[in-house]
Amino acid sequence: MHDYLGIDTSNYTTSAAVFLSDRSVDSKRMLLPVKEGEKGLRQSDALFHHVRQLPELVRGLLAERDILAIGVSTRPRDIDGSYMPCFLAGETVADCLASACKIPVYKTSHQVGHILAALYSCKRLDLVFQKKPFIAFHVSGGTTDCLLVTPDDEKVIVCNEISSSSDLKAGQAVDRVGVALGLRFPCGAELEKLALKSTAAFRIKPSIRDGRPSFSGLENACKKMIESGAENCDIALYCIKYIEAAIVGMAEHALSTAGDLPMVFAGGVMSDGIIKNAVSKRFEAYFAEPALSADNACGTAVFAAIKDGSLSE
């Protein structure tokens with residue numbers, strides 16, 4: 001058996017996964033507890049909850065499995081200065097397990113993990129093995145990035161920014177609007193359910209400059225709709241359709257900049273069915289299944305298998 005453990009301790013999800021020799025994945029996740037009405041957690045609180053939750057997840061995955069290596073996310077992105085304390089929880093556990101079991105540990109970024117999870121989910125890991133560049137979107141509460149991704153022998157993939165949001169991240173806008181509507185954080189799934197009840201039609205032209213959208217205007221517009229007494233479902237739909245239009249604008253800019261390349265979409269925001277359907281109609285687009293769009297450790301487990309040489313085309 002050739003099994004690989006993956007660990008990811010993002011800002012709001014504790015994740016562990018095992019990539020199995022038959023190329024299936026056994027994945028477990030636990031959301032970090034956020035009090036009702038609040039929009040997030042302090043990093044110290046996030047780290048504390050990861051330390052409490054991670055051993056339970058890992059213990060349940062390791063029973064009767066022969067783990068050959070561990071993959072772990074240690075930072076948000078593969079750029080200088082990218083750091084969040086919450087990733088220390090996963091890195092510490094990975095280092096301890098690797099030392100005790102005398103196996104290698106391979107370290108990468110949360111963003112690379114997201115992209116590899118999406119590639120695994122939509123069966124496009126061939127892009128990595130065949131060294132084909134592609135465009136990747138990572139859209140979440142922490143990032144709204146459009147990236148030119150180049151396969152690389154050392155890092156598996158290298159991500160270079162094409163564009164990113166200029167202020168708020170798309171996921172931040174979703175959660176701020178959702179909390180204002182009385183939804184529980186994180187708000188993405190509930191906001192989509194609410195939006196699907198709307199019959200409103202909107203013509204939205206988001207603020208985008210050089211492929212960089214602004215979402216502060218979206219938040220302000222939704223606040224005005226709330227103050228004016230608009231239906232909650234219409235406000236939810238407006239929020240989602242604004243983000244949809246922004247993603248389309250970023251994609252068009254990327255294709256004009258990087259050329260006609262396949263596009264892979266990752267991150268919790270991209271699990272929204274309204275956005276996914278609209279984008280799929282316009283572009284050669286590949287999406288992770290919803291469970292692997294949200295924060296997960298599948299990608300770090302896949303990273304370990306590739307780095308260890310057991311996973312190839």
# chains A, B, ... in the order shown; residues from 1 in each chain; ligands from 1
>>> closest_atom_pairs(of="range 82-190 of chain A", to="range 11-24 of chain A", cutoff="9 Å", atoms="only C-alpha atoms", output="CSV")
residue,atom,partner,partner_atom,distance
A:Met84,CA,A:Asn11,CA,8.3
A:Cys86,CA,A:Asn11,CA,6.3
A:Phe87,CA,A:Asn11,CA,8.2
A:Gly90,CA,A:Thr14,CA,8.6
A:Gly142,CA,A:Asn11,CA,8.6
A:Pro186,CA,A:Tyr12,CA,8.6
>>> write_last_selection(atoms="C-alpha atoms", output="mmCIF file, in the first residue's frame")
data_model
loop_
_atom_site.group_PDB
_atom_site.id
_atom_site.type_symbol
_atom_site.label_atom_id
_atom_site.label_comp_id
_atom_site.auth_asym_id
_atom_site.auth_seq_id
_atom_site.Cartn_x
_atom_site.Cartn_y
_atom_site.Cartn_z
ATOM 1 C CA MET A 84 -0.601 33.079 9.056
ATOM 2 C CA CYS A 86 -2.974 29.064 12.046
ATOM 3 C CA PHE A 87 -0.778 26.999 9.693
ATOM 4 C CA GLY A 90 -0.637 21.608 10.868
ATOM 5 C CA GLY A 142 -8.652 35.060 1.873
ATOM 6 C CA PRO A 186 -19.392 31.198 6.862
#
>>> select_by_dssp(residues="range 183-229 of chain A", states="helix (DSSP H, G or I)", output="number ranges by chain")
A: 188-195, 216-227
>>> closest_residue(among="A:Ser10, A:Thr300, A:Ser214, A:Ser293", to="Gly71 in chain A", atoms="only C-alpha atoms")
A:Thr300
>>> closest_atom_pairs(of="range 87-126 of chain A", to="range 259-283 of chain A", cutoff="10 Å", atoms="only C-alpha atoms", output="CSV")
residue,atom,partner,partner_atom,distance
A:Gln111,CA,A:Gly267,CA,8.8
A:Gly113,CA,A:Ala266,CA,9.7
A:His114,CA,A:Ala266,CA,6.0
A:Ile115,CA,A:Ala266,CA,6.0
A:Leu116,CA,A:Ala266,CA,9.0
A:Ala117,CA,A:Ala266,CA,8.1
A:Ala118,CA,A:Ala266,CA,5.8
A:Leu119,CA,A:Val264,CA,7.3
A:Cys122,CA,A:Val264,CA,8.7
A:Arg124,CA,A:Val264,CA,8.9
>>> closest_residue(among="A:Leu181, A:Ala98, A:Val156, A:Leu62", to="Asp78 in chain A", atoms="only C-alpha atoms")
A:Val156
>>> atom_distance(atom1="CA of Glu284 in chain A", atom2="CA of Ser163 in chain A")
18.8 Å
>>> residues_around(residues="Asp175 in chain A", least_positions_apart="4", cutoff="8 Å", atoms="only C-alpha atoms", output="NGL selection string")
:A and (39 or 171 or 179 or 185-188)
>>> select_by_dssp(residues="range 86-245 of chain A", states="strand (DSSP E or B)", output="NGL selection string")
:A and (105-109 or 134-139 or 144-152 or 156-164 or 208-209 or 212-213)
>>> closest_residue(among="A:Met225, A:Ala291, A:Ser207, A:Ile70", to="Pro104 in chain A", atoms="only C-alpha atoms")
A:Ile70
>>> atom_distance(atom1="CA of Val248 in chain A", atom2="CA of Glu190 in chain A")
22.7 Å
>>> residues_around(residues="range 147-151 of chain A", least_positions_apart="6", cutoff="6 Å", atoms="only C-alpha atoms", output="MDAnalysis selection string")
chainID A and resid 128 131 133:136 157:162
>>> write_last_selection(atoms="C-alpha atoms", output="compact mmCIF listing (two decimals), in the first residue's frame")
# COMPACT_ATOMS: atom_id res chain seq x y z
CA VAL A 128 0.89 18.77 -14.17
CA LYS A 131 3.98 20.13 -17.98
CA PRO A 133 0.51 25.68 -18.23
CA PHE A 134 -3.01 26.67 -17.26
CA ILE A 135 -4.96 29.45 -15.59
CA ALA A 136 -6.20 28.87 -12.05
CA ILE A 157 3.33 23.87 -9.65
CA VAL A 158 4.43 27.50 -9.64
CA CYS A 159 1.75 30.20 -9.42
CA ASN A 160 2.25 33.70 -10.82
CA GLU A 161 -0.43 36.30 -10.31
CA ILE A 162 -2.25 37.63 -13.35
>>> closest_residue(among="A:Glu244, A:Glu231, A:Glu91, A:Asp308", to="Ile7 in chain A", atoms="only C-alpha atoms")
A:Glu91
>>> atom_distance(atom1="CA of Thr257 in chain A", atom2="CA of Glu219 in chain A")
28.7 Å
>>> closest_residue(among="A:His2, A:Lys123, A:Lys102, A:Lys241", to="Ile67 in chain A", atoms="only C-alpha atoms")
A:His2
>>> residues_around(residues="Leu191 in chain A", least_positions_apart="4", cutoff="8 Å", atoms="only C-alpha atoms", output="list in words")
Val174, Gly178, Leu183, Cys187, Ala195 and Ala236 of chain A
>>> closest_residue(among="A:Ser216, A:Tyr120, A:Leu194, A:Leu255", to="Ile240 in chain A", atoms="only C-alpha atoms")
A:Leu194
